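Q: So I've got this file, run.txt, and it contains compact mmCIF, C-alpha atoms:
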# COMPACT_ATOMS: atom_id res chain seq x y z
CA MET A 1 142.15 -77.18 39.62
CA LEU A 2 143.54 -79.86 41.95
CA ALA A 3 146.33 -77.51 43.05
CA VAL A 4 143.85 -74.77 43.94
CA ILE A 5 141.41 -76.90 45.93
CA LEU A 6 144.13 -78.90 47.71
CA LEU A 7 145.93 -75.70 48.71
CA GLY A 8 142.66 -74.45 50.20
CA GLN A 9 142.26 -77.82 51.96
CA PHE A 10 145.87 -77.65 53.16
CA MET A 11 145.38 -74.21 54.73
CA ALA A 12 142.27 -75.43 56.57
CA VAL A 13 144.04 -78.54 57.92
CA LEU A 14 147.19 -76.58 58.71
CA ASP A 15 145.27 -74.16 60.91
CA ALA A 16 144.13 -77.01 63.14
CA SER A 17 147.72 -77.62 64.25
CA ILE A 18 149.88 -74.61 63.31
CA VAL A 19 148.91 -72.84 66.54
CA ASN A 20 150.26 -75.64 68.74
CA VAL A 21 153.88 -74.46 68.72
CA ALA A 22 152.68 -70.85 69.13
CA ILE A 23 150.85 -71.67 72.39
CA PRO A 24 153.60 -70.56 74.83
CA SER A 25 154.10 -67.15 73.15
CA MET A 26 150.31 -66.68 72.85
CA ARG A 27 149.86 -67.54 76.48
CA ILE A 28 152.39 -64.91 77.57
CA SER A 29 151.24 -62.23 75.13
CA LEU A 30 147.50 -62.62 75.82
CA HIS A 31 147.83 -63.62 79.51
CA ALA A 32 145.69 -66.66 78.67
CA SER A 33 144.94 -69.63 80.92
CA GLY A 34 145.50 -73.24 79.93
CA SER A 35 141.77 -73.66 79.32
CA GLU A 36 141.67 -70.58 77.07
CA MET A 37 144.56 -71.99 75.06
CA GLN A 38 142.68 -75.27 74.59
CA LEU A 39 139.63 -73.33 73.40
CA ILE A 40 141.76 -71.30 70.98
CA VAL A 41 143.02 -74.55 69.45
CA SER A 42 139.79 -76.57 69.62
CA GLY A 43 137.26 -73.77 68.98
CA TYR A 44 138.35 -73.73 65.33
CA VAL A 45 137.99 -77.48 65.01
CA ILE A 46 134.58 -77.56 66.75
CA ALA A 47 133.05 -75.22 64.16
CA TYR A 48 134.89 -77.04 61.40
CA ALA A 49 133.63 -80.45 62.56
CA VAL A 50 129.96 -79.82 63.24
CA LEU A 51 129.32 -77.69 60.13
CA LEU A 52 131.07 -79.90 57.54
CA VAL A 53 128.01 -81.88 56.42
CA THR A 54 125.94 -78.70 56.22
CA GLY A 55 128.73 -77.18 54.12
CA ALA A 56 128.53 -80.17 51.78
CA ARG A 57 124.75 -79.68 51.43
CA LEU A 58 125.22 -76.00 50.65
CA GLY A 59 127.69 -76.98 47.93
CA ASP A 60 125.14 -79.30 46.33
CA ARG A 61 122.48 -76.61 46.61
CA PHE A 62 124.37 -73.53 45.43
CA GLY A 63 127.30 -75.05 43.54
CA GLN A 64 130.68 -76.32 44.75
CA ARG A 65 132.62 -73.49 43.10
CA ASN A 66 130.48 -70.80 44.73
CA MET A 67 130.67 -72.32 48.22
CA PHE A 68 134.42 -73.01 47.96
CA ILE A 69 135.04 -69.35 47.10
CA ALA A 70 132.65 -68.10 49.83
CA GLY A 71 134.29 -70.31 52.47
CA LEU A 72 137.77 -69.29 51.33
CA ALA A 73 136.82 -65.60 51.60
CA LEU A 74 135.47 -66.01 55.14
CA PHE A 75 138.52 -68.07 56.16
CA THR A 76 140.88 -65.37 54.83
CA VAL A 77 139.07 -62.50 56.58
CA ALA A 78 138.87 -64.48 59.85
CA SER A 79 142.60 -65.27 59.62
CA LEU A 80 143.33 -61.53 59.41
CA ALA A 81 141.08 -60.94 62.44
CA CYS A 82 142.89 -63.69 64.39
CA GLY A 83 146.24 -62.07 63.59
CA LEU A 84 144.94 -58.76 64.96
CA ALA A 85 143.15 -60.20 68.05
CA TRP A 86 143.61 -58.11 71.21
CA ASN A 87 142.83 -60.73 73.86
CA ALA A 88 142.14 -64.44 74.31
CA GLY A 89 138.35 -64.05 74.17
CA ALA A 90 138.48 -62.24 70.82
CA LEU A 91 140.86 -64.85 69.43
CA ILE A 92 138.51 -67.69 70.47
CA VAL A 93 135.62 -65.97 68.61
CA PHE A 94 137.69 -65.32 65.47
CA ARG A 95 139.00 -68.90 65.51
CA PHE A 96 135.40 -70.12 65.56
CA LEU A 97 134.68 -67.96 62.48
CA GLN A 98 137.78 -69.42 60.81
CA GLY A 99 136.27 -72.85 61.41
CA VAL A 100 132.99 -71.77 59.81
CA GLY A 101 134.93 -70.69 56.71
CA SER A 102 136.79 -74.01 56.58
CA ALA A 103 133.55 -75.98 56.98
CA THR A 104 132.08 -74.09 54.02
CA MET A 105 135.17 -74.57 51.83
CA VAL A 106 136.52 -78.03 52.62
CA PRO A 107 133.54 -80.31 51.77
CA GLN A 108 133.60 -79.00 48.21
CA VAL A 109 137.10 -80.40 47.70
CA MET A 110 136.11 -84.08 47.90
CA THR A 111 133.01 -83.52 45.77
CA LEU A 112 134.97 -81.68 43.07
CA ILE A 113 137.51 -84.53 42.97
CA GLN A 114 134.81 -87.19 42.79
CA ARG A 115 132.90 -85.40 40.02
CA THR A 116 135.90 -84.26 37.95
CA PHE A 117 138.34 -87.20 37.96
CA THR A 118 137.80 -90.81 36.90
CA GLY A 119 139.67 -94.13 37.02
CA THR A 120 143.33 -94.15 38.03
CA THR A 121 143.44 -90.35 37.91
CA ARG A 122 140.78 -90.20 40.63
CA ALA A 123 142.73 -92.70 42.75
CA ARG A 124 145.86 -90.52 42.52
CA ALA A 125 143.85 -87.39 43.30
CA LEU A 126 142.28 -89.09 46.34
CA SER A 127 145.72 -90.19 47.56
CA ALA A 128 146.93 -86.60 47.30
CA TYR A 129 143.78 -85.47 49.14
CA ALA A 130 144.38 -87.96 51.97
CA ALA A 131 148.05 -86.96 52.16
CA VAL A 132 147.09 -83.29 52.49
CA ILE A 133 144.62 -84.04 55.31
CA SER A 134 147.07 -86.17 57.24
CA GLY A 135 150.33 -84.39 56.42
CA GLY A 136 148.91 -80.94 57.09
CA MET A 137 148.61 -81.76 60.79
CA VAL A 138 152.33 -82.49 61.11
CA VAL A 139 153.54 -79.82 58.69
CA GLY A 140 151.59 -77.27 60.75
CA GLN A 141 153.87 -77.91 63.72
CA ILE A 142 157.01 -77.29 61.62
CA VAL A 143 155.69 -74.23 59.77
CA GLY A 144 154.34 -72.78 63.03
CA GLY A 145 157.76 -73.09 64.63
CA LEU A 146 159.47 -71.39 61.69
CA ILE A 147 156.98 -68.49 61.65
CA VAL A 148 157.06 -67.85 65.42
CA SER A 149 160.86 -68.04 65.59
CA SER A 150 161.34 -65.81 62.53
CA ASP A 151 159.18 -63.14 64.20
CA ILE A 152 158.82 -61.27 60.89
CA ALA A 153 158.09 -57.58 61.52
CA GLY A 154 157.54 -58.38 65.19
CA THR A 155 154.44 -60.49 64.48
CA SER A 156 155.54 -63.40 66.73
CA TRP A 157 152.55 -65.80 67.10
CA ARG A 158 150.31 -63.54 65.00
CA GLY A 159 152.23 -64.64 61.92
CA VAL A 160 150.71 -68.14 62.05
CA PHE A 161 147.36 -66.55 61.17
CA LEU A 162 148.50 -63.67 58.96
CA VAL A 163 150.34 -66.07 56.63
CA ASN A 164 146.94 -67.26 55.40
CA VAL A 165 145.96 -63.80 54.13
CA PRO A 166 148.22 -63.47 51.03
CA ILE A 167 147.68 -67.14 50.12
CA GLY A 168 143.92 -66.78 50.51
CA LEU A 169 143.86 -63.63 48.38
CA ALA A 170 145.90 -65.34 45.64
CA LEU A 171 143.52 -68.31 45.58
CA LEU A 172 140.50 -65.98 45.51
CA ALA A 173 142.00 -64.29 42.45
CA VAL A 174 142.43 -67.50 40.42
CA ALA A 175 139.69 -69.82 41.71
CA PRO A 176 136.72 -68.29 39.78
CA GLY A 177 138.45 -68.92 36.45
CA ILE A 178 139.78 -72.40 37.27
CA LEU A 179 137.11 -74.25 39.25
CA PRO A 180 134.44 -75.97 37.14
CA GLY A 181 130.89 -74.66 37.36
CA ILE A 182 129.14 -77.91 38.26
CA THR A 183 125.37 -77.60 38.06
CA ALA A 184 123.85 -77.02 41.49
CA ARG A 185 121.19 -79.32 42.92
CA VAL A 186 118.53 -77.02 44.34
CA ASP A 187 116.62 -79.84 46.01
CA ARG A 188 119.09 -80.41 48.86
CA LYS A 189 117.54 -79.88 52.30
CA LEU A 190 119.35 -78.62 55.40
CA ASP A 191 118.99 -80.55 58.66
CA LEU A 192 118.93 -77.57 61.02
CA ALA A 193 117.43 -79.61 63.90
CA GLY A 194 120.19 -82.21 63.68
CA LEU A 195 122.84 -79.50 63.34
CA GLY A 196 121.57 -77.73 66.46
CA VAL A 197 121.51 -80.88 68.60
CA LEU A 198 124.92 -82.05 67.35
CA THR A 199 126.53 -78.64 68.01
CA ALA A 200 125.08 -78.45 71.52
CA SER A 201 126.18 -82.02 72.30
CA VAL A 202 129.75 -81.42 71.14
CA LEU A 203 129.98 -78.23 73.22
CA LEU A 204 128.53 -80.01 76.28
CA LEU A 205 131.26 -82.63 75.88
CA VAL A 206 134.25 -80.43 75.06
CA VAL A 207 133.76 -77.34 77.28
CA PRO A 208 133.67 -79.19 80.64
CA LEU A 209 136.63 -81.36 79.61
CA VAL A 210 138.61 -78.21 78.74
CA LEU A 211 137.61 -76.11 81.77
CA GLY A 212 137.14 -78.85 84.36
CA HIS A 213 140.77 -79.42 85.40
CA GLU A 214 141.41 -75.73 86.16
CA GLN A 215 138.15 -75.39 88.12
CA HIS A 216 138.68 -78.70 89.98
CA TRP A 217 135.69 -80.38 88.31
CA PRO A 218 132.72 -78.50 89.84
CA LEU A 219 129.19 -79.90 89.67
CA TRP A 220 128.31 -78.09 86.43
CA THR A 221 131.03 -80.00 84.54
CA GLN A 222 129.54 -83.35 85.62
CA ILE A 223 126.03 -82.22 84.69
CA ALA A 224 127.29 -81.04 81.28
CA LEU A 225 129.03 -84.35 80.54
CA ALA A 226 125.89 -86.28 81.46
CA ALA A 227 123.86 -83.92 79.26
CA ALA A 228 126.30 -84.55 76.39
CA ALA A 229 125.60 -88.29 76.53
CA PHE A 230 121.87 -87.51 76.49
CA GLY A 231 122.44 -85.06 73.62
CA PHE A 232 124.14 -87.62 71.37
CA ALA A 233 121.31 -90.09 72.03
CA LEU A 234 118.83 -87.33 71.19
CA PHE A 235 120.77 -86.61 68.00
CA ALA A 236 120.23 -90.19 66.85
CA LEU A 237 116.48 -89.87 67.53
CA VAL A 238 116.30 -86.53 65.70
CA GLU A 239 118.07 -88.03 62.69
CA ARG A 240 115.56 -90.91 62.59
CA ALA A 241 112.67 -88.44 62.81
CA VAL A 242 114.09 -86.32 59.98
CA HIS A 243 114.45 -89.47 57.86
CA ARG A 244 110.84 -90.54 58.54
CA ARG A 245 109.57 -87.09 57.52
CA GLY A 246 111.30 -87.44 54.17
CA GLY A 247 114.04 -84.96 55.03
CA GLU A 248 117.80 -85.31 54.66
CA PRO A 249 119.48 -85.99 58.02
CA LEU A 250 123.12 -85.01 58.54
CA PHE A 251 124.02 -88.70 58.88
CA ALA A 252 121.68 -90.23 56.29
CA ASP A 253 120.87 -93.95 56.44
CA ARG A 254 121.67 -94.50 52.76
CA VAL A 255 125.14 -93.04 53.30
CA LEU A 256 125.80 -94.96 56.52
CA ARG A 257 124.93 -98.19 54.69
CA THR A 258 127.90 -97.72 52.35
CA PRO A 259 130.11 -100.80 52.97
CA GLY A 260 132.72 -100.14 55.63
CA LEU A 261 131.81 -96.48 56.13
CA VAL A 262 130.71 -96.68 59.78
CA LEU A 263 133.73 -98.76 60.85
CA THR A 264 136.04 -96.45 58.91
CA ALA A 265 134.47 -93.38 60.52
CA ALA A 266 134.87 -94.89 64.01
CA THR A 267 138.48 -95.84 63.28
CA LEU A 268 139.29 -92.37 61.95
CA LEU A 269 137.68 -90.80 65.04
CA LEU A 270 139.94 -92.79 67.38
CA VAL A 271 143.06 -92.30 65.25
CA MET A 272 142.65 -88.52 65.16
CA THR A 273 141.74 -88.42 68.87
CA THR A 274 145.18 -89.77 69.66
CA PHE A 275 147.02 -87.94 66.88
CA GLY A 276 145.47 -84.53 67.62
CA GLY A 277 145.88 -84.98 71.37
CA TRP A 278 149.51 -86.06 71.02
CA LEU A 279 150.46 -83.07 68.84
CA PHE A 280 148.90 -80.69 71.38
CA VAL A 281 150.52 -82.32 74.41
CA ILE A 282 153.99 -82.77 72.95
CA ALA A 283 154.06 -79.18 71.64
CA ILE A 284 153.39 -77.85 75.16
CA HIS A 285 155.85 -80.29 76.74
CA LEU A 286 158.70 -79.41 74.38
CA GLN A 287 158.42 -75.66 74.95
CA SER A 288 156.89 -75.17 78.40
CA THR A 289 158.56 -78.14 80.14
CA LEU A 290 161.83 -78.69 78.26
CA GLY A 291 162.33 -75.04 77.29
CA TYR A 292 162.73 -75.64 73.54
CA SER A 293 162.36 -72.65 71.23
CA ALA A 294 159.45 -72.62 68.77
CA ILE A 295 161.74 -73.51 65.84
CA HIS A 296 163.43 -76.29 67.83
CA ALA A 297 160.05 -77.73 68.82
CA GLY A 298 158.83 -77.50 65.22
CA LEU A 299 161.91 -79.26 63.85
CA VAL A 300 161.41 -82.15 66.29
CA PHE A 301 158.33 -82.98 64.21
CA PHE A 302 160.26 -82.88 60.92
CA PRO A 303 161.33 -86.57 60.66
CA ASN A 304 157.86 -87.64 61.83
CA GLY A 305 156.27 -85.47 59.12
CA VAL A 306 158.64 -86.69 56.39
CA ALA A 307 157.89 -90.35 57.20
CA PHE A 308 154.17 -89.59 57.33
CA GLY A 309 154.21 -87.72 54.00
CA LEU A 310 156.35 -90.21 52.09
CA ILE A 311 154.22 -93.17 53.12
CA SER A 312 150.96 -91.24 52.55
CA LEU A 313 151.94 -90.47 48.95
CA ASN A 314 153.51 -93.85 48.06
CA TRP A 315 151.50 -96.51 49.90
CA SER A 316 149.69 -97.43 46.66
CA ARG A 317 153.00 -98.78 45.31
CA ILE A 318 152.78 -101.59 47.86
CA PRO A 319 151.19 -104.70 46.25
CA ALA A 320 147.38 -104.53 46.50
CA ARG A 321 147.13 -107.86 48.36
CA PHE A 322 148.79 -106.21 51.38
CA HIS A 323 146.59 -103.08 51.47
CA ALA A 324 143.94 -104.47 53.83
CA ILE A 325 146.39 -105.73 56.46
CA MET A 326 148.61 -102.66 56.02
CA ILE A 327 146.10 -100.40 57.80
CA PRO A 328 145.82 -102.31 61.13
CA ALA A 329 149.55 -103.04 60.97
CA GLY A 330 150.28 -99.32 60.69
CA LEU A 331 148.01 -98.57 63.63
CA ALA A 332 149.70 -101.29 65.69
CA ILE A 333 153.06 -99.64 64.96
CA ALA A 334 151.62 -96.26 65.99
CA ALA A 335 150.24 -97.72 69.24
CA ILE A 336 153.53 -99.38 70.21
CA THR A 337 155.68 -96.36 69.39
CA THR A 338 153.35 -93.99 71.28
CA VAL A 339 153.74 -96.06 74.44
CA ILE A 340 157.53 -96.25 73.92
CA MET A 341 157.66 -92.46 73.50
CA GLY A 342 155.86 -92.05 76.83
CA LEU A 343 158.33 -94.36 78.56
CA LEU A 344 161.31 -92.54 77.03
CA LEU A 345 160.10 -89.05 77.97
CA ARG A 346 158.88 -89.71 81.51
CA ASP A 347 162.34 -89.26 83.07
CA GLY A 348 162.47 -85.56 82.09
CA GLY A 349 165.13 -85.89 79.39
CA GLY A 350 165.05 -84.10 76.03
CA PHE A 351 164.62 -85.54 72.56
CA GLY A 352 167.72 -87.60 71.76
CA PRO A 353 168.51 -89.80 68.73
CA LEU A 354 166.49 -92.73 70.12
CA ASP A 355 163.44 -90.56 70.78
CA LEU A 356 163.59 -89.08 67.27
CA THR A 357 163.92 -92.56 65.75
CA VAL A 358 160.85 -93.82 67.58
CA PHE A 359 158.97 -90.62 66.68
CA THR A 360 159.85 -91.17 63.01
CA ILE A 361 158.59 -94.76 63.12
CA MET A 362 155.37 -93.45 64.68
CA GLY A 363 154.89 -91.21 61.63
CA LEU A 364 155.45 -94.21 59.39
CA GLY A 365 152.75 -96.15 61.27
CA TYR A 366 150.19 -93.36 60.96
CA GLY A 367 151.09 -92.92 57.28
CA LEU A 368 150.52 -96.63 56.60
CA SER A 369 147.04 -96.39 58.07
CA PHE A 370 145.42 -92.97 57.71
CA SER A 371 145.82 -92.18 54.00
CA PRO A 372 145.03 -95.74 52.79
CA LEU A 373 142.00 -95.84 55.09
CA MET A 374 140.63 -92.60 53.64
CA ALA A 375 141.49 -93.39 50.02
CA ARG A 376 140.20 -96.99 50.01
CA THR A 377 136.89 -95.99 51.60
CA THR A 378 136.21 -92.88 49.53
CA ALA A 379 137.05 -94.73 46.31
CA ARG A 380 134.10 -97.09 46.98
CA ILE A 381 131.57 -94.32 47.62
CA PRO A 382 128.97 -93.87 44.83
CA LEU A 383 129.15 -90.51 43.11
CA ALA A 384 125.65 -89.50 44.25
CA LEU A 385 126.69 -89.91 47.91
CA ALA A 386 130.12 -88.28 47.59
CA ALA A 387 129.27 -84.99 49.30
CA ASP A 388 127.50 -86.43 52.37
CA ALA A 389 129.92 -89.35 52.81
CA SER A 390 132.99 -87.12 52.64
CA GLY A 391 131.31 -84.76 55.10
CA ILE A 392 130.69 -87.60 57.57
CA LEU A 393 134.26 -88.93 57.32
CA VAL A 394 135.94 -85.53 57.68
CA THR A 395 133.52 -84.65 60.50
CA CYS A 396 134.74 -87.73 62.39
CA VAL A 397 138.36 -86.75 61.66
CA GLN A 398 137.85 -83.25 63.07
CA LEU A 399 135.72 -84.37 66.02
CA GLY A 400 138.57 -86.74 66.84
CA VAL A 401 140.98 -83.80 66.99
CA VAL A 402 138.60 -81.87 69.27
CA ILE A 403 138.09 -84.82 71.61
CA GLY A 404 141.83 -85.56 71.64
CA ILE A 405 142.75 -82.01 72.62
CA ALA A 406 140.00 -81.88 75.25
CA THR A 407 140.66 -85.30 76.83
CA PHE A 408 144.40 -85.91 76.49
CA GLY A 409 145.19 -82.20 76.75
CA SER A 410 143.22 -81.99 80.00
CA MET A 411 144.79 -85.22 81.26
CA PHE A 412 148.27 -83.83 80.71
CA LEU A 413 147.52 -80.38 82.19
CA SER A 414 145.84 -81.96 85.24
CA LEU A 415 148.78 -84.29 85.94
CA ALA A 416 151.61 -81.88 85.08
CA GLY A 417 153.02 -80.08 88.08
CA THR A 418 155.54 -77.25 88.25
CA SER A 419 158.66 -79.42 87.91
CA ILE A 420 160.16 -80.96 84.79
CA LEU A 421 159.90 -84.43 86.35
CA SER A 422 156.20 -84.19 87.17
CA ALA A 423 155.36 -82.80 83.71
CA SER A 424 157.42 -85.55 82.07
CA HIS A 425 155.62 -88.15 84.17
CA ALA A 426 152.33 -86.65 82.95
CA VAL A 427 153.51 -87.04 79.33
CA GLY A 428 154.31 -90.70 80.00
CA ILE A 429 150.88 -91.48 81.44
CA THR A 430 149.11 -89.57 78.65
CA ALA A 431 151.12 -91.39 75.97
CA ILE A 432 150.23 -94.80 77.43
CA ALA A 433 146.53 -93.86 77.43
CA GLU A 434 146.84 -92.73 73.82
CA GLY A 435 148.63 -95.94 72.84
CA ILE A 436 145.75 -98.00 74.22
CA THR A 437 143.29 -95.88 72.21
CA VAL A 438 145.27 -96.45 68.99
CA ALA A 439 145.27 -100.18 69.72
CA VAL A 440 141.46 -100.11 69.86
CA ALA A 441 141.49 -98.32 66.48
CA ALA A 442 143.72 -101.10 65.10
CA ALA A 443 141.18 -103.70 66.24
CA LEU A 444 138.40 -101.79 64.45
CA ALA A 445 140.56 -101.60 61.33
CA VAL A 446 141.00 -105.39 61.35
CA ARG A 447 137.23 -105.79 61.41
CA ALA A 448 136.79 -103.20 58.66
CA ALA A 449 139.32 -105.06 56.51
CA ARG A 450 137.23 -108.22 56.81
Please lay out the structure from this file as structure tokens.
A:
Amino acid sequence: MLAVILLGQFMAVLDASIVNVAIPSMRISLHASGSEMQLIVSGYVIAYAVLLVTGARLGDRFGQRNMFIAGLALFTVASLACGLAWNAGALIVFRFLQGVGSATMVPQVMTLIQRTFTGTTRARALSAYAAVISGGMVVGQIVGGLIVSSDIAGTSWRGVFLVNVPIGLALLAVAPGILPGITARVDRKLDLAGLGVLTASVLLLVVPLVLGHEQHWPLWTQIALAAAAFGFALFALVERAVHRRGGEPLFADRVLRTPGLVLTAATLLLVMTTFGGWLFVIAIHLQSTLGYSAIHAGLVFFPNGVAFGLISLNWSRIPARFHAIMIPAGLAIAAITTVIMGLLLRDGGGFGPLDLTVFTIMGLGYGLSFSPLMARTTARIPLALAADASGILVTCVQLGVVIGIATFGSMFLSLAGTSILSASHAVGITAIAEGITVAVAAALAVRAAR
């Protein structure tokens, strides 16, 4: 059962990053602009992020097995449509549908783990879950490079989507007989008002950030950003109103009162803002600026991914008395190495041994922080709140990726000129900004540890 649900989770996470190394070939094939490429990457994550809590509610209402299978089916069909997309606009729409499928499937994974495993077995399952979420982002870069470079049957970038189809069909064949039929709770209510306001607010934030730099920040982008701030404030008021009416808000008070949940969610948001933004920026820089092939760019991420994965799976072997301080220490390492990477790359040189060493240490820092942060928090969540709490945490993770791509991606594209030196200088400035953001996350993690 764990293999089936984590493979579904892995595909969903993988698709948030696997397209990064395919961006240059997509851009040429579809004649897409930089803004369209950002929407192709972030459109998936937007749908994934804002619909996660609703997906968790649907699982409680109609059964986790049923909703996992339904989401997996939609994800598989949408992946096929993405692989057959004829232009950038169609690909953006199909990527959004892929995100809807992921948001229906993924929340069931945490709930199935929480309701099926107990004791030390649950702790190991949660560590594997956290490793899949975190490692999938990095593995996506490597797998994407291999697929694009292999160009199997002339599929080029289309292969990064089509690879999901046989895997999805295989999981659909075995999942009905393996997943447990947990009794559905028919009393769960959907917060459609909160969902509508949250979706509109996220779009008002992301779309102007993505399109603004190419359109030289016209008035509508400034109005949209101001409206986004108003929208998030309105979302808080709508959630309070839903609570007073006896409904079930997306971000329920009883879930937010879980010890450490809010600080953990804020920390995860900042961590994934920098991590998602960095993966997007460095993938473009390696191929478009330095001229690396897709496979070369993907392999640059290999030592980073290995360090990330090894630490994510084995951090629990470190003595328990060090676990609390390990998280902010890991984030501090990530912050320092991100800044160093920016300084090393700003002169226009390629990835040498020193750059790869620093990049590997960066993966170690993220591994020391992300997986323990997820596992330690989710392990303390009461069973009755598992679905909503996991939805909130993973929503913050995915919103972080969206915001990172929109902000740091736009920062890099706005600063990068036509020369290698100007683009490298843009990478340096972006990396320093990201390092500062990770440092703020480390400060939040210190407070959460207390």
Q: What residues have an atom no more than 9 Å from (137.8, -79.4, 73.2) in the file's own frame, counting only C-alpha atoms, and can you write them as a list in words?
A: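 Neighbouring residues, ordered by chain and number, come to Gln38, Leu39, Val41, Ser42, Gly43, Val45, Ile46, Val202, Leu203, Leu205, Val206, Val207, Pro208, Leu209, Val210, Leu399, Val401, Val402, Ile403, Gly404, Ile405, Ala406, Thr407 and Gly409 of chain A.
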Q: From the set A:Ile295, A:Leu261, A:Leu345, A:Val19, which residue has the shortest atom-to-atom contact distance to A:Tyr44, counting all atoms listed in the file?
A: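 Ranked by minimum distance to A:Tyr44, first place goes to A:Val19.
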Q: Identify, on the basis of only C-alpha atoms, every residue whose closest approach to A:Ala131 does not exceed 9 Å; exclude the query and any residue fewer than 2 positions from it along the same chain; express the result as a list in words.
A: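 Contacts, in chain order: Leu126, Ser127, Ala128, Tyr129, Ile133, Ser134, Gly135, Gly136, Phe308, Gly309, Leu310, Ile311, Ser312, Leu313, Gly367, Phe370 and Ser371 of chain A.
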Q: Which value, in Å to one decimal, gives the distance between atom CA of A:Val109 and atom CA of A:Lys189?
A: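 Distance between the two atoms: 20.1 Å.
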Q: Given the choices A:Ile327, A:Val358, A:Ala297, A:Leu195, which gets closest to A:Phe280 if the distance is worked out from all atoms listed in the file?
A: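 Once distances to A:Phe280 are computed over all atoms listed in the file, the minimum belongs to A:Ala297.
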Q: For the atom pair atom CA of A:Val132 and atom CA of A:Gly63, what is the interatomic distance in Å to one decimal place?
A: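 Atom CA of A:Val132 sits 23.2 Å away from atom CA of A:Gly63.
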